[in-house]
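Engineer: The structure follows.
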Amino acid sequence: MKAIQKNFQKKLKINQQLAYDLNDFLARNPEISGQEFQSVAYILSVLKKKNILIEENVAGLNTAFIAHVIEGEPEQPKIGIIMEYDALPEIGHACGHCASGSLSLLAALTLKEMANEVPASIDLIGTPNEEVTGDKIKMAQAGIFDDYAFVIMIHMNSNQTWPACHFLALSEIRATFTGKTAHAAAAPWQGENALNGALLACNAIDMSRQQMKDGSRISYIIKDGGQASNVIPDKAELIINLRHPNKFTLAENYKKIINCLEGAALATNSKVSYERTGEDFDNMNWNLSGIRAIAEVMKMIGLPFCDEPEGNSTGSSDIGNVSYICPAFHPMLAISDEEFSLHTKKVADIMKTPKKIHPVISNGATVIGLFILKVLGESHLMEEIQKEFQISLKQ
């Protein structure tokens with residue numbers, strides 16, 4: 001493996017500046033989720049200059065693509081390197097997708113430079129809109145990830161590097177209570193108070209937490225509660241956010257919340273309708289066989305890391321849905337010695353500071369590339385990853 005490492009790191013230098021330039025361009029020209037047109041045009045121009053076959057508008061998404069970086073033999077495994085590139089409104093690349101995407105590109109191009117030593121097909125998969133609707137979910141539903149032996153990407157983190165990342169399953173509900181208006185002083189008995197239904201639902205949700213399994217997270221807002229205090233409101237709207245480390249437990253909690261909504265409507269003589277506001281995000285389906293191998297690669301290249309992410313989770317991401325279709329890996333790389341939150345100006349500023357972020361891009365590309373080569377070079381490891389994945393689907 002040492003010889004492979006040395007060769008990879010030598011080949012990495014060939015396209016290193018291309019990746020740095022991509023990061024710098026994206027960092028200074030951020031495009032929000034679903035609007036990454038200029039970003040994708042830049043990426044595709046780089047790939048086309050390398051004579052790489054590209055599928056555009058994948059799954060009907062204008063800014064999704066698959067670049068066939070190495071086209072192996074039919075009997076060889078197909079591996080996907082995931083690329084993100086969407087930014088946040090107002091603060092730009094404060095989640096670091098410019099660097100994450102750039103290191104994925106660098107990993108793929110470096111493997112292409114040593115294609116004769118890569119017994120696999122390697123695709124670079126462009127996945128837009130992670131920050132809002134999570135278009136990996138739509139791509140997964142379209143069957144894009146069905147044939148991959150595994151996929152991998154790396155995300156940025158503040159001051160800790162992790163071989164893997166916890167993600168919670170996520171579901172969001174919009175509940176609308178309806179009733180009948182009346183004068184709140186003169187004839188309140190003629191009204192049906194939709195706001196009372198919403199408030200009772202909130203109380204019921206708070207009480208139901210006691211019987212929910214550990215790790216359950218529920219938050220909500222009252223988005224609409226009426227327009228005037230002297231009028232019985234005929235409409236009230238709740239937005240309810242549910243999370244849990246396991247998507248199956250999340251589904252149980254969802255049913256409990258629906259019972260709260262329907263019971264509150266019945267008790268207050270109002271009516272309620274509800275819907276999911278978007279696709280559910282699944283939790284990250286961990287694959288310890290692969291995660292241990294990623295940790296070994298990090299150790300081999302001298303990259304300090306924490307064995308286990310602190311806390312229960314770092315939020316939710318659409319790669320969770322992918323991880324139930326094929327094994328998926330999502331290490332996190334430190335970008336600083338300081339601890340701070342992502343989605344802040346501090347992150348966006350680091351993305352625009354070459355001396356800080358360029359080394360991270362090279363390290364991330366090295367982790368991805370050497371992990372792929374390690375799995376391909378150790379047949380038992382690929383078998384263990386696949387076996388563990390199949391077992392996880394039955395639990």
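We name chains A, B, ... following the order of the structure tokens; residues begin at 1 in each chain, and ligands are numbered from 1 as shown.
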Give me, as an MDAnalysis selection string, all polymer residues having an atom no more than 10 Å from segment 287-303 of chain A, counting only C-alpha atoms and skipping those fewer than 2 positions away in the same chain.

Structural biologist: chainID A and resid 1:2 5 150 161:165 284:285 305:307 323 327:331 333:334 363:364 366:372 374:375 381:389 392

Engineer: Keeping only C-alpha atoms, write those residues as a compact mmCIF listing (two decimals), in the first residue's frame.

Structural biologist:
# COMPACT_ATOMS: atom_id res chain seq x y z
CA MET A 1 0.00 0.00 0.00
CA LYS A 2 2.95 2.34 0.61
CA GLN A 5 0.26 5.80 -1.76
CA PHE A 150 -20.15 2.00 -3.04
CA THR A 161 -11.59 15.15 11.23
CA TRP A 162 -13.85 12.09 11.35
CA PRO A 163 -13.74 8.88 9.27
CA ALA A 164 -17.55 8.93 9.28
CA CYS A 165 -20.46 11.15 10.18
CA MET A 284 -26.76 7.58 7.54
CA ASN A 285 -26.56 3.81 7.27
CA PHE A 305 -8.68 12.21 13.36
CA CYS A 306 -11.25 11.43 16.05
CA ASP A 307 -12.52 7.86 16.08
CA SER A 323 -26.72 4.84 2.00
CA PRO A 327 -22.78 1.51 0.82
CA ALA A 328 -22.04 5.23 1.20
CA PHE A 329 -19.22 6.96 3.05
CA HIS A 330 -19.07 10.54 4.29
CA PRO A 331 -15.90 11.45 6.23
CA LEU A 333 -12.25 17.01 7.29
CA ALA A 334 -11.11 19.73 9.67
CA ASN A 363 -5.74 15.71 1.85
CA GLY A 364 -9.38 14.96 1.08
CA THR A 366 -5.90 11.56 -1.06
CA VAL A 367 -8.25 9.96 1.47
CA ILE A 368 -10.87 9.23 -1.19
CA GLY A 369 -8.39 7.95 -3.76
CA LEU A 370 -6.41 5.72 -1.40
CA PHE A 371 -9.58 4.35 0.18
CA ILE A 372 -10.86 3.31 -3.25
CA LYS A 374 -7.35 -0.05 -0.79
CA VAL A 375 -10.79 -1.60 -1.27
CA LEU A 381 -12.57 -5.78 2.24
CA MET A 382 -14.97 -5.28 -0.66
CA GLU A 383 -16.72 -8.50 0.37
CA GLU A 384 -17.00 -7.33 3.99
CA ILE A 385 -18.44 -3.96 2.92
CA GLN A 386 -21.06 -5.65 0.74
CA LYS A 387 -21.94 -8.27 3.34
CA GLU A 388 -22.36 -5.69 6.09
CA PHE A 389 -24.52 -3.54 3.80
CA SER A 392 -28.02 -3.65 7.52

Engineer: For Arg174 of chain A, find every residue with an atom within 12 Å (counting only C-alpha atoms), except residues of its own chain fewer than 2 positions away, and show them as an mmCIF file with C-alpha atoms, in the first residue's frame.

Structural biologist:
data_model
loop_
_atom_site.group_PDB
_atom_site.id
_atom_site.type_symbol
_atom_site.label_atom_id
_atom_site.label_comp_id
_atom_site.auth_asym_id
_atom_site.auth_seq_id
_atom_site.Cartn_x
_atom_site.Cartn_y
_atom_site.Cartn_z
ATOM 1 C CA SER A 171 -39.228 14.500 8.237
ATOM 2 C CA GLU A 172 -41.114 17.798 8.179
ATOM 3 C CA THR A 176 -53.247 23.289 8.793
ATOM 4 C CA PHE A 177 -56.101 23.615 11.272
ATOM 5 C CA ALA A 198 -52.871 24.057 16.887
ATOM 6 C CA TYR A 220 -42.135 23.272 15.636
ATOM 7 C CA ILE A 221 -43.362 26.765 14.911
ATOM 8 C CA ILE A 222 -46.826 28.277 14.646
ATOM 9 C CA LYS A 223 -46.596 29.882 11.235
ATOM 10 C CA ASP A 224 -50.124 31.292 11.186
ATOM 11 C CA ALA A 236 -53.735 28.098 12.039
ATOM 12 C CA GLU A 237 -50.659 26.484 10.588
ATOM 13 C CA LEU A 238 -47.878 24.458 12.200
ATOM 14 C CA ILE A 239 -44.529 23.420 10.749
ATOM 15 C CA ILE A 240 -43.198 20.407 12.646
ATOM 16 C CA ASN A 241 -39.679 19.037 12.303
ATOM 17 C CA LEU A 242 -38.942 15.432 13.349
ATOM 18 C CA ILE A 257 -47.452 13.179 15.766
ATOM 19 C CA ILE A 258 -50.325 12.532 13.371
ATOM 20 C CA LEU A 261 -52.830 16.489 15.317
ATOM 21 C CA VAL A 272 -56.840 19.436 10.357
ATOM 22 C CA SER A 273 -55.033 18.551 7.159
ATOM 23 C CA TYR A 274 -51.339 17.705 6.958
ATOM 24 C CA GLU A 275 -48.640 16.929 4.440
ATOM 25 C CA ARG A 276 -44.925 16.344 4.274
ATOM 26 C CA THR A 277 -43.171 19.506 3.107
ATOM 27 C CA GLY A 278 -40.674 17.529 1.010
#

Engineer: Could you pull the residues within 9 Å of segment 205-218 of chain A, counting only C-alpha atoms, minus those fewer than 5 positions along the same chain, as an NGL selection string?

Structural biologist: :A and (200 or 240-246 or 249-250 or 252-253 or 256-257 or 260-261 or 312)

Engineer: Filtering to N, CA and C atoms, could you give me those residues as an mmCIF file, in the first residue's frame?

Structural biologist:
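In the end it all went to out-v8.cif:
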data_model
loop_
_atom_site.group_PDB
_atom_site.id
_atom_site.type_symbol
_atom_site.label_atom_id
_atom_site.label_comp_id
_atom_site.auth_asym_id
_atom_site.auth_seq_id
_atom_site.Cartn_x
_atom_site.Cartn_y
_atom_site.Cartn_z
ATOM 1 N N LEU A 200 -53.299 22.980 21.161
ATOM 2 C CA LEU A 200 -53.474 21.692 21.824
ATOM 3 C C LEU A 200 -52.570 20.635 21.183
ATOM 4 N N ILE A 240 -43.757 21.311 11.639
ATOM 5 C CA ILE A 240 -43.198 20.407 12.646
ATOM 6 C C ILE A 240 -42.017 19.652 12.041
ATOM 7 N N ASN A 241 -40.912 19.666 12.757
ATOM 8 C CA ASN A 241 -39.679 19.037 12.303
ATOM 9 C C ASN A 241 -39.368 17.839 13.191
ATOM 10 N N LEU A 242 -39.231 16.654 12.595
ATOM 11 C CA LEU A 242 -38.942 15.432 13.349
ATOM 12 C C LEU A 242 -37.599 14.860 12.904
ATOM 13 N N ARG A 243 -36.781 14.437 13.873
ATOM 14 C CA ARG A 243 -35.509 13.782 13.558
ATOM 15 C C ARG A 243 -35.281 12.600 14.505
ATOM 16 N N HIS A 244 -34.539 11.624 14.003
ATOM 17 C CA HIS A 244 -34.114 10.494 14.835
ATOM 18 C C HIS A 244 -32.940 9.800 14.152
ATOM 19 N N PRO A 245 -32.043 9.165 14.938
ATOM 20 C CA PRO A 245 -30.907 8.468 14.326
ATOM 21 C C PRO A 245 -31.290 7.263 13.471
ATOM 22 N N ASN A 246 -32.535 6.823 13.554
ATOM 23 C CA ASN A 246 -32.973 5.661 12.791
ATOM 24 C C ASN A 246 -34.263 5.991 12.049
ATOM 25 N N THR A 249 -37.521 4.291 13.383
ATOM 26 C CA THR A 249 -38.063 4.919 14.590
ATOM 27 C C THR A 249 -38.698 6.256 14.249
ATOM 28 N N LEU A 250 -38.108 6.973 13.313
ATOM 29 C CA LEU A 250 -38.707 8.233 12.866
ATOM 30 C C LEU A 250 -40.112 7.992 12.330
ATOM 31 N N GLU A 252 -42.164 5.700 13.260
ATOM 32 C CA GLU A 252 -43.038 5.486 14.423
ATOM 33 C C GLU A 252 -43.429 6.824 15.046
ATOM 34 N N ASN A 253 -42.445 7.709 15.183
ATOM 35 C CA ASN A 253 -42.722 9.024 15.768
ATOM 36 C C ASN A 253 -43.671 9.831 14.895
ATOM 37 N N LYS A 256 -47.156 8.986 15.715
ATOM 38 C CA LYS A 256 -47.570 9.580 16.993
ATOM 39 C C LYS A 256 -47.927 11.052 16.824
ATOM 40 N N ILE A 257 -47.163 11.766 15.998
ATOM 41 C CA ILE A 257 -47.452 13.179 15.766
ATOM 42 C C ILE A 257 -48.778 13.336 15.041
ATOM 43 N N CYS A 260 -51.494 13.115 17.465
ATOM 44 C CA CYS A 260 -51.608 14.369 18.218
ATOM 45 C C CYS A 260 -52.412 15.402 17.431
ATOM 46 N N LEU A 261 -52.135 15.510 16.158
ATOM 47 C CA LEU A 261 -52.830 16.489 15.317
ATOM 48 C C LEU A 261 -54.318 16.162 15.207
ATOM 49 N N ASN A 312 -24.567 13.297 19.188
ATOM 50 C CA ASN A 312 -25.422 12.312 18.545
ATOM 51 C C ASN A 312 -25.432 12.440 17.034
#

Engineer: Extract, using only C-alpha atoms, all DNA, RNA and protein residues at most 10 Å from Asp318 of chain A, discarding same-chain residues fewer than 4 positions from it, and format them as JSON, numbers by chain.

Structural biologist: {"A": [127, 129, 130, 131, 132, 133, 134, 135, 136, 137, 138, 140, 167, 169, 170, 279, 280, 281, 282, 283, 284, 322, 323]}

Engineer: Please identify the strand (DSSP E or B) residues within segment 285-388 of chain A (assignment by DSSP from backbone atoms) and present them as a list in words.

Structural biologist: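 Of segment 285-388 of chain A, the ones in strand (DSSP E or B) are Ala328, Phe329, Met332, Leu333 and Ala334 of chain A.
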
Engineer: At what distance in Å, to one decimal, does atom CA of Ser39 of chain A lie from atom CA of Glu339 of chain A?

Structural biologist: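 That distance, rounded to one decimal, is 28.9 Å.
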
Engineer: Find, counting only C-alpha atoms, the residue in A:Ala3, A:Gln160, A:Pro119, A:Val347 that gets nearest to Cys98 of chain A.

Structural biologist: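 Looking only at the distances to Cys98 of chain A, the closest residue turns out to be A:Val347.
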
Engineer: Using only C-alpha atoms, can you tell me which of A:Ile122, A:Cys326, A:Ala182, A:Val151 comes closest to Gly72 of chain A?

Structural biologist: A:Ile122

Engineer: Got a sec to tell me which of segment 137-253 of chain A DSSP assigns to alpha helix (DSSP H), as a compact mmCIF listing (two decimals) with N, CA and C atoms, in the first residue's frame?

Structural biologist:
# COMPACT_ATOMS: atom_id res chain seq x y z
N ILE A 137 -31.84 12.55 -3.22
CA ILE A 137 -33.03 11.73 -3.00
C ILE A 137 -33.74 11.48 -4.33
N LYS A 138 -33.92 12.53 -5.12
CA LYS A 138 -34.55 12.37 -6.44
C LYS A 138 -33.69 11.48 -7.34
N MET A 139 -32.39 11.65 -7.26
CA MET A 139 -31.49 10.82 -8.06
C MET A 139 -31.57 9.37 -7.61
N ALA A 140 -31.68 9.16 -6.31
CA ALA A 140 -31.81 7.80 -5.78
C ALA A 140 -33.11 7.17 -6.25
N GLN A 141 -34.19 7.94 -6.21
CA GLN A 141 -35.49 7.42 -6.65
C GLN A 141 -35.49 7.08 -8.14
N ALA A 194 -59.46 27.51 15.29
CA ALA A 194 -58.38 26.74 14.68
C ALA A 194 -57.08 26.85 15.48
N LEU A 195 -56.85 28.03 16.07
CA LEU A 195 -55.63 28.22 16.85
C LEU A 195 -55.62 27.32 18.08
N ASN A 196 -56.80 27.13 18.71
CA ASN A 196 -56.87 26.21 19.84
C ASN A 196 -56.43 24.80 19.43
N GLY A 197 -56.85 24.40 18.23
CA GLY A 197 -56.44 23.09 17.73
C GLY A 197 -54.93 22.99 17.60
N ALA A 198 -54.32 24.05 17.06
CA ALA A 198 -52.87 24.06 16.89
C ALA A 198 -52.16 24.05 18.23
N LEU A 199 -52.65 24.86 19.18
CA LEU A 199 -52.02 24.93 20.50
C LEU A 199 -52.13 23.60 21.24
N LEU A 200 -53.30 22.98 21.16
CA LEU A 200 -53.47 21.69 21.82
C LEU A 200 -52.57 20.64 21.18
N ALA A 201 -52.41 20.72 19.87
CA ALA A 201 -51.51 19.80 19.19
C ALA A 201 -50.08 19.97 19.69
N CYS A 202 -49.66 21.22 19.89
CA CYS A 202 -48.31 21.48 20.41
C CYS A 202 -48.14 20.88 21.80
N ASN A 203 -49.14 21.05 22.65
CA ASN A 203 -49.07 20.47 23.99
C ASN A 203 -49.03 18.94 23.93
N ALA A 204 -49.83 18.37 23.04
CA ALA A 204 -49.85 16.92 22.91
C ALA A 204 -48.51 16.39 22.41
N ILE A 205 -47.91 17.12 21.47
CA ILE A 205 -46.59 16.73 20.95
C ILE A 205 -45.56 16.76 22.07
N ASP A 206 -45.59 17.83 22.87
CA ASP A 206 -44.64 17.93 23.98
C ASP A 206 -44.81 16.78 24.97
N MET A 207 -46.06 16.40 25.24
CA MET A 207 -46.30 15.29 26.16
C MET A 207 -45.86 13.96 25.56
N SER A 208 -46.03 13.81 24.26
CA SER A 208 -45.70 12.53 23.63
C SER A 208 -44.20 12.25 23.61
N LYS A 247 -34.28 5.77 10.74
CA LYS A 247 -35.44 6.17 9.94
C LYS A 247 -36.70 5.37 10.30
N PHE A 248 -36.53 4.15 10.79
CA PHE A 248 -37.69 3.34 11.15
C PHE A 248 -38.34 3.86 12.43
N THR A 249 -37.52 4.29 13.38
CA THR A 249 -38.06 4.92 14.59
C THR A 249 -38.70 6.26 14.25
N LEU A 250 -38.11 6.97 13.31
CA LEU A 250 -38.71 8.23 12.87
C LEU A 250 -40.11 7.99 12.33
N ALA A 251 -40.30 6.91 11.60
CA ALA A 251 -41.62 6.60 11.06
C ALA A 251 -42.62 6.33 12.18
N GLU A 252 -42.16 5.70 13.26
CA GLU A 252 -43.04 5.49 14.42
C GLU A 252 -43.43 6.82 15.05
N ASN A 253 -42.44 7.71 15.18
CA ASN A 253 -42.72 9.02 15.77
C ASN A 253 -43.67 9.83 14.89

Engineer: Restricting the calculation to only C-alpha atoms, which member of A:Ala267, A:Lys352, A:Ser219, A:Glu192 is positioned closest to Ile232 of chain A?

Structural biologist: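 Nearest to Ile232 of chain A: A:Glu192.
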
Engineer: Can you tell me which residues surround Glu36 of chain A at a distance of at most 10 Å, considering only C-alpha atoms, apart from same-chain residues fewer than 2 positions away, and format the answer as a list in words?

Structural biologist: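 Counting only the stated atoms, we get Leu26, Asn29, Pro30, Glu31, Ile32, Ser33, Gly34, Gln38, Ser39, Val40, Ala41, Asn62, Thr63, Ala64, Tyr85, Asp86, Ala87, Pro128 and Asn129 of chain A.
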
Engineer: Next, the residues of the selection above should be written as a PDB file, in the first residue's frame with N, CA and C atoms.

Structural biologist:
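Now in selection_9.pdb:
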ATOM      1  N   LEU A  26     -15.574  28.727  -7.369  1.00  0.00           N
ATOM      2  CA  LEU A  26     -16.864  28.489  -6.709  1.00  0.00           C
ATOM      3  C   LEU A  26     -17.015  29.352  -5.463  1.00  0.00           C
ATOM      4  N   ASN A  29     -17.896  32.783  -6.541  1.00  0.00           N
ATOM      5  CA  ASN A  29     -19.089  32.881  -7.390  1.00  0.00           C
ATOM      6  C   ASN A  29     -20.149  31.890  -6.906  1.00  0.00           C
ATOM      7  N   PRO A  30     -20.582  32.017  -5.655  1.00  0.00           N
ATOM      8  CA  PRO A  30     -21.509  31.030  -5.092  1.00  0.00           C
ATOM      9  C   PRO A  30     -22.878  31.074  -5.755  1.00  0.00           C
ATOM     10  N   GLU A  31     -23.441  29.895  -5.958  1.00  0.00           N
ATOM     11  CA  GLU A  31     -24.793  29.781  -6.506  1.00  0.00           C
ATOM     12  C   GLU A  31     -25.628  28.917  -5.566  1.00  0.00           C
ATOM     13  N   ILE A  32     -26.820  29.381  -5.261  1.00  0.00           N
ATOM     14  CA  ILE A  32     -27.662  28.687  -4.289  1.00  0.00           C
ATOM     15  C   ILE A  32     -28.221  27.388  -4.866  1.00  0.00           C
ATOM     16  N   SER A  33     -28.780  26.595  -3.993  1.00  0.00           N
ATOM     17  CA  SER A  33     -29.276  25.264  -4.343  1.00  0.00           C
ATOM     18  C   SER A  33     -30.257  25.302  -5.512  1.00  0.00           C
ATOM     19  N   GLY A  34     -30.013  24.429  -6.481  1.00  0.00           N
ATOM     20  CA  GLY A  34     -30.871  24.341  -7.649  1.00  0.00           C
ATOM     21  C   GLY A  34     -30.574  25.360  -8.726  1.00  0.00           C
ATOM     22  N   GLN A  38     -23.705  28.175 -13.454  1.00  0.00           N
ATOM     23  CA  GLN A  38     -22.348  28.614 -13.747  1.00  0.00           C
ATOM     24  C   GLN A  38     -21.327  27.645 -13.143  1.00  0.00           C
ATOM     25  N   SER A  39     -21.637  27.157 -11.947  1.00  0.00           N
ATOM     26  CA  SER A  39     -20.738  26.218 -11.265  1.00  0.00           C
ATOM     27  C   SER A  39     -20.570  24.940 -12.077  1.00  0.00           C
ATOM     28  N   VAL A  40     -21.691  24.378 -12.522  1.00  0.00           N
ATOM     29  CA  VAL A  40     -21.643  23.128 -13.279  1.00  0.00           C
ATOM     30  C   VAL A  40     -20.986  23.344 -14.643  1.00  0.00           C
ATOM     31  N   ALA A  41     -21.252  24.482 -15.266  1.00  0.00           N
ATOM     32  CA  ALA A  41     -20.614  24.776 -16.553  1.00  0.00           C
ATOM     33  C   ALA A  41     -19.093  24.772 -16.413  1.00  0.00           C
ATOM     34  N   ASN A  62     -31.414  19.831 -13.901  1.00  0.00           N
ATOM     35  CA  ASN A  62     -30.590  20.634 -14.808  1.00  0.00           C
ATOM     36  C   ASN A  62     -29.124  20.721 -14.402  1.00  0.00           C
ATOM     37  N   THR A  63     -28.855  20.606 -13.107  1.00  0.00           N
ATOM     38  CA  THR A  63     -27.475  20.775 -12.642  1.00  0.00           C
ATOM     39  C   THR A  63     -26.900  19.495 -12.031  1.00  0.00           C
ATOM     40  N   ALA A  64     -27.451  18.354 -12.439  1.00  0.00           N
ATOM     41  CA  ALA A  64     -26.899  17.056 -12.031  1.00  0.00           C
ATOM     42  C   ALA A  64     -26.191  16.423 -13.223  1.00  0.00           C
ATOM     43  N   TYR A  85     -21.827  21.152  -4.848  1.00  0.00           N
ATOM     44  CA  TYR A  85     -21.349  22.475  -5.267  1.00  0.00           C
ATOM     45  C   TYR A  85     -22.345  23.593  -5.006  1.00  0.00           C
ATOM     46  N   ASP A  86     -23.433  23.328  -4.298  1.00  0.00           N
ATOM     47  CA  ASP A  86     -24.394  24.404  -4.027  1.00  0.00           C
ATOM     48  C   ASP A  86     -23.975  25.214  -2.802  1.00  0.00           C
ATOM     49  N   ALA A  87     -24.381  26.481  -2.801  1.00  0.00           N
ATOM     50  CA  ALA A  87     -24.037  27.415  -1.724  1.00  0.00           C
ATOM     51  C   ALA A  87     -25.299  27.836  -0.983  1.00  0.00           C
ATOM     52  N   PRO A 128     -26.703  18.214  -7.109  1.00  0.00           N
ATOM     53  CA  PRO A 128     -27.058  19.583  -6.715  1.00  0.00           C
ATOM     54  C   PRO A 128     -27.994  19.634  -5.515  1.00  0.00           C
ATOM     55  N   ASN A 129     -28.194  20.853  -5.026  1.00  0.00           N
ATOM     56  CA  ASN A 129     -29.312  21.159  -4.130  1.00  0.00           C
ATOM     57  C   ASN A 129     -29.312  20.356  -2.834  1.00  0.00           C
TER      58      ASN A 129
END

Engineer: Please compute the atom CA of Val360 of chain A-atom CA of Ile154 of chain A distance, one decimal, in Å.

Structural biologist: 10.6 Å

Engineer: Nearest to Ala365 of chain A among A:Lys346, A:Lys180, A:Lys13, A:His380, with distances taken over only C-alpha atoms: which residue is it?

Structural biologist: A:Lys13

Engineer: Taking only C-alpha atoms into account, name the residue in A:Glu378, A:Glu113, A:Glu262, A:Asp234 that is nearest to Lys10 of chain A.

Structural biologist: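 So, comparing all the options, the nearest one is A:Glu113.
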
Engineer: Could you give me, as a list in words, the residues within 9 Å of Ala67 of chain A, counting only C-alpha atoms and dropping anything in the same chain fewer than 4 positions from it?

Structural biologist: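 Answer for this query is Leu44, Leu47, Ile52, Leu53, Ile54, Glu55, Glu56, Ile122, Asp123, Leu124, Ile125 and Gly126 of chain A.
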
Engineer: Of the residues A:Met114, A:Pro233, A:Ala27, A:Ala19, which is the one nearest to Asp349 of chain A, using only C-alpha atoms?

Structural biologist: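 Using only C-alpha atoms, the shortest distance to Asp349 of chain A belongs to A:Ala27.
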